[in-house]
$ cat input_33.txt   # compact mmCIF, C-alpha atoms
# COMPACT_ATOMS: atom_id res chain seq x y z
CA MET A 1435 -12.76 -46.72 -42.76
CA SER A 1436 -11.52 -43.80 -40.73
CA THR A 1437 -7.93 -44.19 -39.62
CA HIS A 1438 -8.16 -41.31 -37.19
CA GLU A 1439 -9.33 -42.86 -33.91
CA TRP A 1440 -10.52 -40.88 -30.93
CA PRO A 1441 -7.71 -40.49 -28.41
CA LEU A 1442 -7.48 -42.60 -25.28
CA TRP A 1443 -8.22 -41.00 -21.89
CA GLU A 1444 -7.47 -42.20 -18.38
CA VAL A 1445 -10.32 -41.75 -15.90
CA PHE A 1446 -9.96 -40.84 -12.21
CA ILE A 1447 -12.90 -40.72 -9.84
CA ARG A 1448 -13.42 -39.23 -6.39
CA SER A 1449 -16.01 -41.43 -4.74
CA LYS A 1450 -16.85 -38.98 -1.97
CA GLN A 1451 -15.73 -35.70 -0.44
CA GLY A 1452 -12.56 -36.20 1.55
CA LEU A 1453 -11.13 -39.02 -0.58
CA ASN A 1454 -8.63 -38.70 -3.40
CA HIS A 1455 -9.34 -39.34 -7.05
CA LYS A 1456 -8.53 -42.89 -7.99
CA HIS A 1457 -7.74 -44.38 -11.40
CA VAL A 1458 -10.65 -46.53 -12.56
CA GLY A 1459 -9.92 -47.25 -16.21
CA SER A 1460 -9.83 -45.65 -19.60
CA LEU A 1461 -12.01 -44.83 -22.57
CA ARG A 1462 -11.89 -43.19 -25.98
CA ALA A 1463 -13.42 -39.80 -26.73
CA ALA A 1464 -12.96 -37.03 -29.28
CA ASP A 1465 -12.35 -34.32 -26.67
CA ALA A 1466 -12.33 -33.65 -22.93
CA THR A 1467 -16.02 -32.78 -22.72
CA MET A 1468 -17.01 -36.04 -24.36
CA ALA A 1469 -14.49 -37.94 -22.24
CA LEU A 1470 -16.09 -36.55 -19.07
CA GLU A 1471 -19.60 -37.40 -20.21
CA ASN A 1472 -18.60 -40.89 -21.30
CA ALA A 1473 -16.73 -41.44 -18.04
CA ARG A 1474 -19.88 -40.46 -16.15
CA ASP A 1475 -21.99 -42.91 -18.19
CA VAL A 1476 -19.51 -45.75 -18.04
CA TYR A 1477 -17.90 -45.51 -14.62
CA THR A 1478 -20.54 -43.90 -12.39
CA ARG A 1479 -23.79 -45.66 -13.28
CA ARG A 1480 -24.30 -46.58 -9.62
CA SER A 1481 -23.33 -43.33 -7.89
CA GLU A 1482 -19.66 -44.33 -7.66
CA GLY A 1483 -18.45 -40.77 -7.95
CA ILE A 1484 -18.95 -37.08 -7.25
CA SER A 1485 -15.99 -35.79 -9.25
CA ILE A 1486 -14.20 -37.02 -12.37
CA TRP A 1487 -10.81 -36.20 -13.85
CA VAL A 1488 -9.90 -37.26 -17.36
CA VAL A 1489 -6.36 -37.08 -18.70
CA GLU A 1490 -5.28 -37.95 -22.20
CA SER A 1491 -3.26 -41.13 -21.85
CA ASN A 1492 -0.45 -39.61 -23.95
CA TYR A 1493 0.33 -37.26 -21.10
CA VAL A 1494 0.86 -39.97 -18.50
CA HIS A 1495 4.53 -40.78 -17.93
CA ALA A 1496 5.58 -43.87 -16.03
CA ASN A 1497 8.78 -45.40 -14.74
CA ASP A 1498 10.09 -48.46 -16.54
CA PRO A 1499 8.93 -51.56 -14.61
CA SER A 1500 12.02 -53.54 -15.67
CA ASP A 1501 14.13 -50.99 -13.75
CA ALA A 1502 11.75 -50.80 -10.83
CA ASP A 1503 14.15 -52.50 -8.39
CA ALA A 1504 16.92 -49.97 -8.98
CA PHE A 1505 14.45 -47.10 -9.19
CA PHE A 1506 12.95 -47.76 -5.77
CA ASP A 1507 16.11 -49.12 -4.20
CA PRO A 1508 17.08 -45.90 -2.32
CA SER A 1509 14.22 -46.25 0.15
CA ASP A 1510 14.73 -49.92 0.90
CA THR A 1511 17.79 -49.38 3.07
CA LYS A 1512 16.45 -46.51 5.16
CA ILE A 1513 14.60 -48.37 7.85
CA TYR A 1514 15.22 -45.46 10.25
CA ARG A 1515 12.41 -43.66 8.41
CA HIS A 1516 9.94 -45.90 10.20
CA PRO A 1517 8.94 -45.35 13.86
CA THR A 1518 9.45 -49.01 14.70
CA PHE A 1519 13.22 -48.50 14.18
CA TYR A 1520 13.47 -46.67 17.50
CA GLU A 1521 13.55 -48.11 20.95
CA VAL A 1522 11.57 -46.43 23.69
CA PRO A 1523 11.39 -47.50 27.32
CA ASP A 1524 8.43 -49.63 28.42
CA GLY A 1525 5.50 -47.70 29.77
CA ILE A 1526 5.89 -44.69 27.48
CA LYS A 1527 2.50 -43.62 26.17
CA HIS A 1528 1.29 -41.49 23.28
CA MET A 1529 4.46 -41.69 21.20
CA MET B 1235 21.78 -53.53 -15.97
CA LYS B 1236 22.55 -56.91 -17.35
CA GLU B 1237 20.31 -58.13 -20.18
CA LEU B 1238 18.34 -61.22 -19.26
CA SER B 1239 17.82 -64.01 -21.75
CA ILE B 1240 14.28 -64.96 -22.78
CA ALA B 1241 14.53 -68.14 -20.71
CA GLU B 1242 15.51 -66.13 -17.62
CA LEU B 1243 12.72 -63.62 -18.22
CA GLU B 1244 10.23 -66.45 -18.63
CA ALA B 1245 11.38 -68.09 -15.43
CA LYS B 1246 11.04 -64.79 -13.56
CA PHE B 1247 7.61 -64.30 -15.05
CA GLN B 1248 6.37 -67.75 -14.06
CA ASP B 1249 7.79 -67.22 -10.58
CA LYS B 1250 5.72 -64.06 -10.20
CA ILE B 1251 2.62 -65.92 -11.35
CA ASP B 1252 3.31 -68.74 -8.90
CA ARG B 1253 3.67 -66.24 -6.08
CA GLU B 1254 0.30 -64.68 -7.02
CA ILE B 1255 1.87 -61.39 -8.09
CA LYS B 1256 -0.32 -59.75 -10.72
CA ILE B 1257 1.10 -58.86 -14.12
CA GLU B 1258 0.63 -55.21 -15.09
CA PRO B 1259 0.59 -53.64 -18.57
CA ASN B 1260 4.22 -52.54 -18.92
CA ASP B 1261 5.72 -55.64 -17.26
CA TRP B 1262 7.63 -58.11 -19.37
CA MET B 1263 5.44 -61.02 -20.46
CA PRO B 1264 5.86 -63.90 -22.92
CA ASP B 1265 4.42 -63.14 -26.36
CA ALA B 1266 2.13 -66.15 -26.10
CA TYR B 1267 0.70 -64.87 -22.77
CA ARG B 1268 0.00 -61.49 -24.38
CA LYS B 1269 -1.55 -63.12 -27.43
CA THR B 1270 -3.73 -65.44 -25.34
CA LEU B 1271 -4.99 -62.51 -23.29
CA ILE B 1272 -5.70 -60.36 -26.32
CA ARG B 1273 -7.68 -63.21 -27.84
CA GLN B 1274 -9.57 -64.05 -24.67
CA ILE B 1275 -10.32 -60.51 -23.47
CA SER B 1276 -11.33 -59.21 -26.88
CA GLN B 1277 -13.64 -62.18 -27.40
CA HIS B 1278 -15.07 -61.55 -23.97
CA ALA B 1279 -15.63 -57.90 -24.96
CA HIS B 1280 -17.28 -58.90 -28.24
CA SER B 1281 -19.60 -61.20 -26.27
CA GLU B 1282 -20.73 -58.34 -24.04
CA VAL B 1283 -21.49 -56.22 -27.08
CA VAL B 1284 -23.16 -58.89 -29.22
CA GLY B 1285 -25.10 -59.94 -26.11
CA MET B 1286 -26.96 -56.65 -26.25
CA LEU B 1287 -28.63 -57.62 -29.54
CA PRO B 1288 -31.08 -60.36 -28.45
CA GLU B 1289 -32.09 -58.34 -25.38
CA GLY B 1290 -32.19 -54.98 -27.12
CA ASN B 1291 -34.86 -56.45 -29.37
CA TRP B 1292 -37.21 -56.81 -26.43
CA ILE B 1293 -36.85 -53.39 -24.80
CA THR B 1294 -39.82 -51.95 -26.69
CA ARG B 1295 -41.89 -55.08 -26.02
CA ALA B 1296 -41.26 -55.48 -22.28
CA PRO B 1297 -44.58 -56.25 -20.55
CA ASN B 1298 -44.51 -53.26 -18.20
CA LEU B 1299 -42.52 -50.17 -17.31
CA ARG B 1300 -40.61 -51.82 -14.46
CA ARG B 1301 -39.35 -54.65 -16.66
CA LYS B 1302 -38.54 -52.19 -19.41
CA ALA B 1303 -36.46 -49.94 -17.14
CA VAL B 1304 -34.65 -53.00 -15.78
CA LEU B 1305 -33.90 -54.40 -19.24
CA LEU B 1306 -32.68 -51.03 -20.43
CA ALA B 1307 -30.34 -50.76 -17.44
CA LYS B 1308 -29.06 -54.27 -18.05
CA VAL B 1309 -28.34 -53.66 -21.73
CA GLN B 1310 -26.61 -50.40 -20.80
CA ASP B 1311 -24.45 -52.32 -18.32
CA GLU B 1312 -23.42 -54.76 -21.06
CA ALA B 1313 -22.21 -51.84 -23.17
CA GLY B 1314 -20.17 -50.65 -20.21
CA HIS B 1315 -18.76 -54.13 -19.68
CA GLY B 1316 -17.71 -54.26 -23.30
CA LEU B 1317 -15.89 -51.00 -22.79
CA TYR B 1318 -14.05 -52.08 -19.62
CA LEU B 1319 -12.84 -55.12 -21.51
CA TYR B 1320 -11.81 -53.29 -24.68
CA SER B 1321 -9.88 -50.87 -22.47
CA SER B 1322 -8.07 -53.74 -20.85
CA VAL B 1323 -7.22 -55.19 -24.29
CA GLU B 1324 -5.73 -51.84 -25.21
CA THR B 1325 -3.36 -52.00 -22.24
CA LEU B 1326 -1.79 -55.01 -23.99
CA GLY B 1327 -0.94 -52.89 -27.01
CA ALA B 1328 -3.76 -54.28 -29.15
CA ASP B 1329 -5.71 -51.94 -31.39
CA ARG B 1330 -9.32 -51.98 -30.28
CA GLU B 1331 -10.82 -51.29 -33.68
CA SER B 1332 -8.84 -54.04 -35.35
CA THR B 1333 -10.02 -56.57 -32.76
CA ILE B 1334 -13.57 -55.47 -33.64
CA ASP B 1335 -12.84 -55.76 -37.36
CA ASP B 1336 -11.54 -59.28 -36.70
CA MET B 1337 -14.91 -60.20 -35.24
CA HIS B 1338 -16.74 -58.68 -38.19
CA ALA B 1339 -14.50 -60.66 -40.55
CA GLY B 1340 -15.24 -63.88 -38.65
CA LYS B 1341 -11.64 -64.17 -37.42
CA ALA B 1342 -12.53 -63.58 -33.76
CA LYS B 1343 -15.36 -65.31 -31.91
CA TYR B 1344 -17.88 -64.24 -29.33
CA SER B 1345 -19.89 -66.41 -26.97
CA SER B 1346 -21.88 -68.87 -29.09
CA ILE B 1347 -24.97 -68.45 -26.87
CA PHE B 1348 -25.80 -65.16 -28.58
CA ASN B 1349 -26.37 -66.95 -31.85
CA TYR B 1350 -29.63 -68.31 -30.44
CA PRO B 1351 -32.72 -66.15 -30.89
CA ALA B 1352 -34.82 -64.69 -28.05
CA LEU B 1353 -38.22 -65.81 -29.33
CA THR B 1354 -40.50 -64.98 -26.40
CA TRP B 1355 -40.52 -62.66 -23.39
CA ALA B 1356 -39.67 -65.67 -21.21
CA ASP B 1357 -36.40 -65.99 -23.13
CA ILE B 1358 -35.32 -62.65 -21.68
CA GLY B 1359 -35.83 -64.09 -18.20
CA ALA B 1360 -33.98 -67.26 -19.15
CA ILE B 1361 -31.09 -65.26 -20.59
CA GLY B 1362 -30.70 -63.27 -17.39
CA TRP B 1363 -30.97 -66.31 -15.15
CA LEU B 1364 -28.99 -68.86 -17.16
CA VAL B 1365 -26.74 -66.95 -19.55
CA ASP B 1366 -25.74 -64.26 -17.10
CA GLY B 1367 -25.64 -66.91 -14.38
CA ALA B 1368 -23.16 -68.97 -16.40
CA ALA B 1369 -21.18 -65.85 -17.28
CA ILE B 1370 -20.98 -64.85 -13.60
CA MET B 1371 -19.76 -68.33 -12.63
CA ASN B 1372 -16.94 -67.89 -15.12
CA GLN B 1373 -16.28 -64.25 -14.27
CA VAL B 1374 -16.12 -64.72 -10.52
CA ALA B 1375 -13.23 -67.13 -11.16
CA LEU B 1376 -11.65 -64.57 -13.50
CA CYS B 1377 -11.59 -61.91 -10.76
CA ARG B 1378 -8.39 -63.68 -9.64
CA THR B 1379 -6.88 -63.92 -13.12
CA SER B 1380 -3.18 -63.08 -13.30
CA TYR B 1381 -3.41 -60.01 -15.54
CA GLY B 1382 -4.18 -56.95 -13.39
CA PRO B 1383 -6.37 -54.88 -15.75
CA TYR B 1384 -8.45 -57.96 -16.70
CA ALA B 1385 -8.94 -58.91 -13.05
CA ARG B 1386 -9.98 -55.37 -12.14
CA ALA B 1387 -12.47 -55.24 -15.02
CA MET B 1388 -13.90 -58.56 -13.84
CA VAL B 1389 -14.39 -57.30 -10.29
CA LYS B 1390 -16.39 -54.34 -11.57
CA ILE B 1391 -18.37 -56.52 -13.95
CA CYS B 1392 -19.24 -59.10 -11.30
CA LYS B 1393 -20.47 -56.40 -8.93
CA GLU B 1394 -22.75 -55.02 -11.59
CA GLU B 1395 -23.91 -58.31 -13.00
CA SER B 1396 -25.37 -59.82 -9.89
CA PHE B 1397 -28.58 -57.93 -10.56
CA HIS B 1398 -28.69 -59.28 -14.12
CA GLN B 1399 -29.14 -62.83 -12.96
CA ARG B 1400 -31.63 -61.94 -10.23
CA GLN B 1401 -33.88 -59.90 -12.49
CA GLY B 1402 -34.01 -62.78 -14.97
CA TYR B 1403 -34.83 -65.33 -12.32
CA GLU B 1404 -37.46 -63.08 -10.78
CA SER B 1405 -39.12 -62.52 -14.13
CA LEU B 1406 -39.21 -66.27 -14.90
CA ALA B 1407 -40.50 -67.03 -11.40
CA VAL B 1408 -43.42 -64.66 -11.99
CA LEU B 1409 -44.23 -66.38 -15.31
CA ALA B 1410 -43.95 -69.80 -13.68
CA LYS B 1411 -46.61 -68.74 -11.15
CA GLY B 1412 -48.86 -67.28 -13.85
CA SER B 1413 -51.42 -68.76 -16.23
CA PRO B 1414 -50.80 -72.22 -17.76
CA GLU B 1415 -49.71 -70.47 -20.97
CA GLN B 1416 -47.21 -68.31 -19.08
CA LYS B 1417 -45.83 -71.29 -17.21
CA ALA B 1418 -45.49 -73.20 -20.48
CA MET B 1419 -43.64 -70.24 -21.99
CA ALA B 1420 -41.21 -70.20 -19.04
CA GLN B 1421 -40.63 -73.94 -19.34
CA ASP B 1422 -40.09 -73.66 -23.09
CA ALA B 1423 -37.46 -70.96 -22.56
CA LEU B 1424 -35.64 -73.17 -20.05
CA ASN B 1425 -35.84 -76.09 -22.49
CA ARG B 1426 -34.17 -74.07 -25.25
CA PHE B 1427 -31.56 -72.24 -23.19
CA TRP B 1428 -30.41 -74.97 -20.79
CA TRP B 1429 -28.04 -76.83 -23.11
CA PRO B 1430 -26.62 -73.78 -24.87
CA ALA B 1431 -25.97 -72.27 -21.41
CA LEU B 1432 -23.98 -75.37 -20.40
CA MET B 1433 -21.99 -75.08 -23.63
CA MET B 1434 -20.96 -71.54 -22.68
CA PHE B 1435 -18.21 -72.97 -20.47
CA GLY B 1436 -16.50 -74.33 -23.57
CA PRO B 1437 -15.41 -77.82 -24.59
CA SER B 1438 -14.67 -80.53 -22.08
CA ASP B 1439 -11.22 -80.18 -20.49
CA ALA B 1440 -9.89 -83.09 -22.53
CA ASP B 1441 -10.78 -81.26 -25.77
CA SER B 1442 -9.87 -77.75 -24.73
CA PRO B 1443 -6.63 -76.91 -26.54
CA HIS B 1444 -5.59 -73.78 -24.60
CA SER B 1445 -6.68 -74.81 -21.12
CA ALA B 1446 -3.54 -76.33 -19.61
CA GLN B 1447 -1.30 -73.38 -20.48
CA SER B 1448 -3.94 -70.88 -19.36
CA ILE B 1449 -4.22 -72.61 -16.01
CA LYS B 1450 -0.44 -72.61 -15.60
CA TRP B 1451 -0.37 -68.87 -16.31
CA LYS B 1452 -3.37 -68.45 -14.00
CA ILE B 1453 -5.32 -66.70 -16.71
CA LYS B 1454 -7.93 -69.35 -15.97
CA ARG B 1455 -8.37 -70.42 -12.37
CA LEU B 1456 -10.89 -73.21 -12.83
CA SER B 1457 -11.33 -75.60 -15.75
CA ASN B 1458 -14.32 -75.59 -18.11
CA ASP B 1459 -15.71 -78.78 -16.60
CA GLU B 1460 -15.35 -77.56 -13.01
CA LEU B 1461 -17.16 -74.32 -13.81
CA ARG B 1462 -19.91 -76.15 -15.69
CA GLN B 1463 -20.44 -78.54 -12.77
CA ASN B 1464 -20.60 -75.65 -10.29
CA PHE B 1465 -23.18 -73.95 -12.47
CA ILE B 1466 -25.36 -77.05 -12.71
CA ASP B 1467 -25.14 -77.67 -8.97
CA ALA B 1468 -26.20 -74.09 -8.25
CA THR B 1469 -28.92 -73.84 -10.88
CA VAL B 1470 -30.88 -77.09 -10.61
CA PRO B 1471 -32.38 -76.27 -7.16
CA GLN B 1472 -33.27 -72.79 -8.45
CA ALA B 1473 -35.32 -74.36 -11.26
CA GLU B 1474 -37.02 -76.76 -8.85
CA LEU B 1475 -37.96 -73.95 -6.50
CA ILE B 1476 -40.02 -72.17 -9.14
CA GLY B 1477 -41.55 -75.40 -10.44
CA LEU B 1478 -39.65 -75.67 -13.71
CA THR B 1479 -38.05 -78.87 -15.00
CA VAL B 1480 -34.48 -78.97 -16.28
CA PRO B 1481 -34.64 -80.71 -19.69
CA ASP B 1482 -32.31 -83.61 -18.89
CA SER B 1483 -33.75 -87.02 -18.01
CA ASN B 1484 -30.39 -88.19 -16.63
CA LEU B 1485 -30.05 -85.31 -14.21
CA LYS B 1486 -29.64 -86.82 -10.75
CA TRP B 1487 -27.93 -85.86 -7.50
CA ASN B 1488 -24.92 -88.10 -6.98
CA GLU B 1489 -24.39 -88.45 -3.24
CA SER B 1490 -20.89 -89.91 -3.51
CA ARG B 1491 -19.60 -87.19 -5.86
CA GLY B 1492 -21.51 -84.44 -4.12
CA HIS B 1493 -22.56 -83.18 -7.53
CA TYR B 1494 -25.36 -83.59 -10.05
CA ASP B 1495 -24.79 -86.15 -12.81
CA PHE B 1496 -26.00 -85.00 -16.22
CA SER B 1497 -26.30 -86.22 -19.81
CA PRO B 1498 -23.43 -85.84 -22.25
CA ILE B 1499 -23.44 -82.54 -24.11
CA ASN B 1500 -24.10 -82.41 -27.83
CA TRP B 1501 -20.75 -80.92 -28.84
CA GLU B 1502 -21.57 -81.25 -32.50
CA GLU B 1503 -24.16 -78.50 -32.05
CA PHE B 1504 -21.60 -76.34 -30.21
CA TYR B 1505 -19.02 -76.62 -32.98
CA GLN B 1506 -21.66 -76.00 -35.66
CA VAL B 1507 -22.72 -72.76 -33.96
CA LEU B 1508 -19.10 -71.77 -33.37
CA GLU B 1509 -18.36 -72.31 -37.05
CA GLY B 1510 -21.07 -69.83 -37.97
CA ASN B 1511 -23.99 -72.17 -38.56
CA GLY B 1512 -26.16 -71.23 -35.58
CA PRO B 1513 -29.62 -69.73 -36.05
CA CYS B 1514 -28.47 -66.08 -35.78
CA ASN B 1515 -24.74 -65.93 -36.58
CA ARG B 1516 -25.15 -64.01 -39.82
CA GLU B 1517 -27.73 -61.64 -38.38
CA ARG B 1518 -25.53 -60.76 -35.38
CA ILE B 1519 -22.41 -59.99 -37.38
CA GLU B 1520 -24.45 -58.05 -39.92
CA ALA B 1521 -25.97 -55.94 -37.12
CA ARG B 1522 -22.54 -55.19 -35.63
CA ARG B 1523 -21.00 -54.36 -38.97
CA LYS B 1524 -23.86 -52.01 -39.81
CA ALA B 1525 -23.57 -50.34 -36.42
CA LYS B 1526 -19.92 -49.59 -37.06
CA GLU B 1527 -20.42 -48.38 -40.63
CA ASN B 1528 -23.52 -46.34 -39.89
CA GLY B 1529 -21.89 -44.78 -36.85
CA MET B 1530 -18.74 -43.79 -38.68
CA TRP B 1531 -19.99 -40.32 -39.61
CA VAL B 1532 -20.65 -39.62 -35.92
CA ARG B 1533 -17.05 -40.45 -35.03
CA GLU B 1534 -15.75 -38.30 -37.84
CA ALA B 1535 -18.05 -35.41 -36.97
CA ALA B 1536 -16.93 -35.57 -33.32
CA ASN B 1537 -13.32 -35.45 -34.46
CA ALA B 1538 -13.98 -32.47 -36.71
CA PHE B 1539 -15.83 -30.68 -33.92
CA ALA B 1540 -13.02 -31.34 -31.44
CA ALA B 1541 -10.43 -30.06 -33.93
CA LYS B 1542 -12.46 -26.91 -34.58
CA ARG B 1543 -12.88 -26.21 -30.90
CA ALA B 1544 -9.20 -26.76 -30.26
CA MET B 1545 -8.35 -24.29 -33.04
CA LYS B 1546 -10.66 -21.62 -31.57
CA LYS B 1547 -9.03 -22.03 -28.20
CA THR B 1548 -5.52 -21.44 -29.55
CA ALA B 1549 -6.60 -18.59 -31.86

$ encode --input "input_33.txt" --output "structure tokens"
Amino acid sequence: MSTHEWPLWEVFIRSKQGLNHKHVGSLRAADATMALENARDVYTRRSEGISIWVVESNYVHANDPSDADAFFDPSDTKIYRHPTFYEVPDGIKHM
Amino acid sequence: MKELSIAELEAKFQDKIDREIKIEPNDWMPDAYRKTLIRQISQHAHSEVVGMLPEGNWITRAPNLRRKAVLLAKVQDEAGHGLYLYSSVETLGADRESTIDDMHAGKAKYSSIFNYPALTWADIGAIGWLVDGAAIMNQVALCRTSYGPYARAMVKICKEESFHQRQGYESLAVLAKGSPEQKAMAQDALNRFWWPALMMFGPSDADSPHSAQSIKWKIKRLSNDELRQNFIDATVPQAELIGLTVPDSNLKWNESRGHYDFSPINWEEFYQVLEGNGPCNRERIEARRKAKENGMWVREAANAFAAKRAMKKTA
């Protein structure tokens, strides 16, 4: 048995012009060309996409979910970043 | 940050589940939750892949080009579904190839329905209508399962599978309207696949060892018996409409329950097939093992080619 498995790739698909690429899943492939072709066959069998990105999963870095509270904490207290924080007189339009 | 004890982590975890917050790959989860998911999702993946075998057999013998194209597309979908599920197993830190080797060694199961042969063309219709129908009943419930990647795979699979059931039903309906021989063939397929399809939902709740914990963790959202009943209630009128008879003399609408009553299931047959004594168990595993071994050189060649191309690029 071969111990050398094909690397894992994350697949991102743009469903139509004007929208961003969105993560749809992953697959294994020997190289980027194969990853793109496999992604096409697996994730766009019903015209779900017009553009595909593949990224080797090794290169994805993520924050630690167990520290997520502390990590995202700085924005929780800054309610003045939202328009609803401000009072405007009644009758004001287009603001 | 203060270290939480296992009990505190477990309480936090269950609280998230209770509040319908999905669990994602890097989140803390109890070992038993992870293990249950790896077992369930990998067995689900194996079922998709083994499920291609009985149908793949009929691609070259489909009665016309339309049916052939449809069957080919369906089998191709099953391969894709296997892949979505293996990918979601991998997010749990399981090694995909070793889950596959476990199946080949008989340590991991796949749906027992695929150990029955597809003897006639009508069986292909019955498989689509009943087997995919039962699978969809189960999978629609799993779209709300608590593990994010599994739920997302299920949503995709359900979207794609709705045509699987329809094409099967359509093909059986055509046979049922055909010559007496064709109608008999359709009825015979229903006779053979009805009970195995009901067994697909697994043992009765009382005899299902993992069910209670899985429901508490919201891996399962409905019990085996509830899903089976829903399937029967939905399917019986479909059979009647195309003039086929469900092979159960005790089948009767129960007004007070609002459900069909049905005969007890022959669980001895289910356990026999599960233990490897069904008509096709050996053949299926043999086919999968051969596919892996005979495809090995392709994997190795692709690796060698990728390495060579990478070297040229850097040179």

$ atom_distance --input "input_33.txt" --atom1 "atom CA of Ser1497 of chain B" --atom2 "atom CA of Leu1485 of chain B"
6.8 Å

$ interface_residues --input "input_33.txt" --of "chain A" --to "chain B" --cutoff "8 Å" --atoms "all atoms listed in the file" --output "JSON, numbers by chain"
{"A": [1435, 1436, 1440, 1459, 1460, 1461, 1464, 1465, 1476, 1477, 1498, 1499, 1500]}

$ closest_residue --input "input_33.txt" --among "A:Pro1517, A:Asp1524, A:Leu1442, A:Asn1454" --to "Gly1483 of chain A" --atoms "all atoms listed in the file"
A:Asn1454

$ residues_around --input "input_33.txt" --residues "Asn1500 of chain B" --least-positions-apart "3" --cutoff "12 Å" --atoms "all atoms listed in the file" --output "list in words"
Trp1429, Pro1430, Leu1432, Met1433, Gly1436, Pro1437, Ser1438, Ser1497, Glu1503, Phe1504, Tyr1505, Gln1506 and Val1507 of chain B

$ atom_distance --input "input_33.txt" --atom1 "atom CA of Arg1491 of chain B" --atom2 "atom CA of Gln1373 of chain B"
24.7 Å

$ residues_near_point --input "input_33.txt" --point "(-22.9, -65.0, -40.9)" --cutoff "12 Å" --atoms "all atoms listed in the file" --output "PyMOL selection string"
chain B and resi 1337-1341+1343+1349+1507-1523

$ closest_residue --input "input_33.txt" --among "B:Ala1352, B:Ala1410, B:Met1286, B:Ile1391" --to "Ala1369 of chain B" --atoms "all atoms listed in the file"
B:Ile1391

$ closest_residue --input "input_33.txt" --among "A:Arg1480, A:Ser1485, A:Glu1439, A:Gln1451" --to "Ala1463 of chain A" --atoms "all atoms listed in the file"
A:Glu1439

$ closest_residue --input "input_33.txt" --among "B:Lys1486, B:Lys1411, B:Lys1417, B:Lys1308" --to "Gln1399 of chain B" --atoms "only C-alpha atoms"
B:Lys1308

$ atom_distance --input "input_33.txt" --atom1 "atom CA of His1493 of chain B" --atom2 "atom CA of Leu1456 of chain B"
16.2 Å

$ residues_around --input "input_33.txt" --residues "Val1489 of chain A" --least-positions-apart "5" --cutoff "8 Å" --atoms "only C-alpha atoms" --output "ChimeraX atom specification"
/A:1443-1445,1494

$ closest_residue --input "input_33.txt" --among "A:Met1468, A:Arg1479, A:Ile1484, A:Tyr1493" --to "Arg1448 of chain A" --atoms "all atoms listed in the file"
A:Ile1484

$ residues_around --input "input_33.txt" --residues "Ile1255 of chain B" --least-positions-apart "3" --cutoff "12 Å" --atoms "all atoms listed in the file" --output "list in words"
Lys1246, Phe1247, Gln1248, Asp1249, Lys1250, Ile1251, Asp1252, Glu1258, Asp1261, Arg1378, Thr1379, Ser1380, Tyr1381, Gly1382, Trp1451 and Lys1452 of chain B

$ residues_around --input "input_33.txt" --residues "segment 1356-1363 of chain B" --least-positions-apart "4" --cutoff "7 Å" --atoms "all atoms listed in the file" --output "list in words"
Glu1289, Ala1352, Gly1367, His1398, Gln1399, Arg1400, Gln1401, Gly1402, Tyr1403, Ser1405, Leu1406, Met1419, Ala1420, Ala1423, Leu1424 and Phe1427 of chain B

$ closest_residue --input "input_33.txt" --among "A:Ile1447, A:Met1529, A:Leu1453, A:Ala1504" --to "Arg1474 of chain A" --atoms "all atoms listed in the file"
A:Ile1447

$ axis_aligned_box --input "input_33.txt" --around "segment 1291-1307 of chain B" --padding-each-side "4 Å" --output "lines of an AutoDock Vina configuration file"
center_x = -37.5
center_y = -53.4
center_z = -21.9
size_x = 22.2
size_y = 14.9
size_z = 22.9
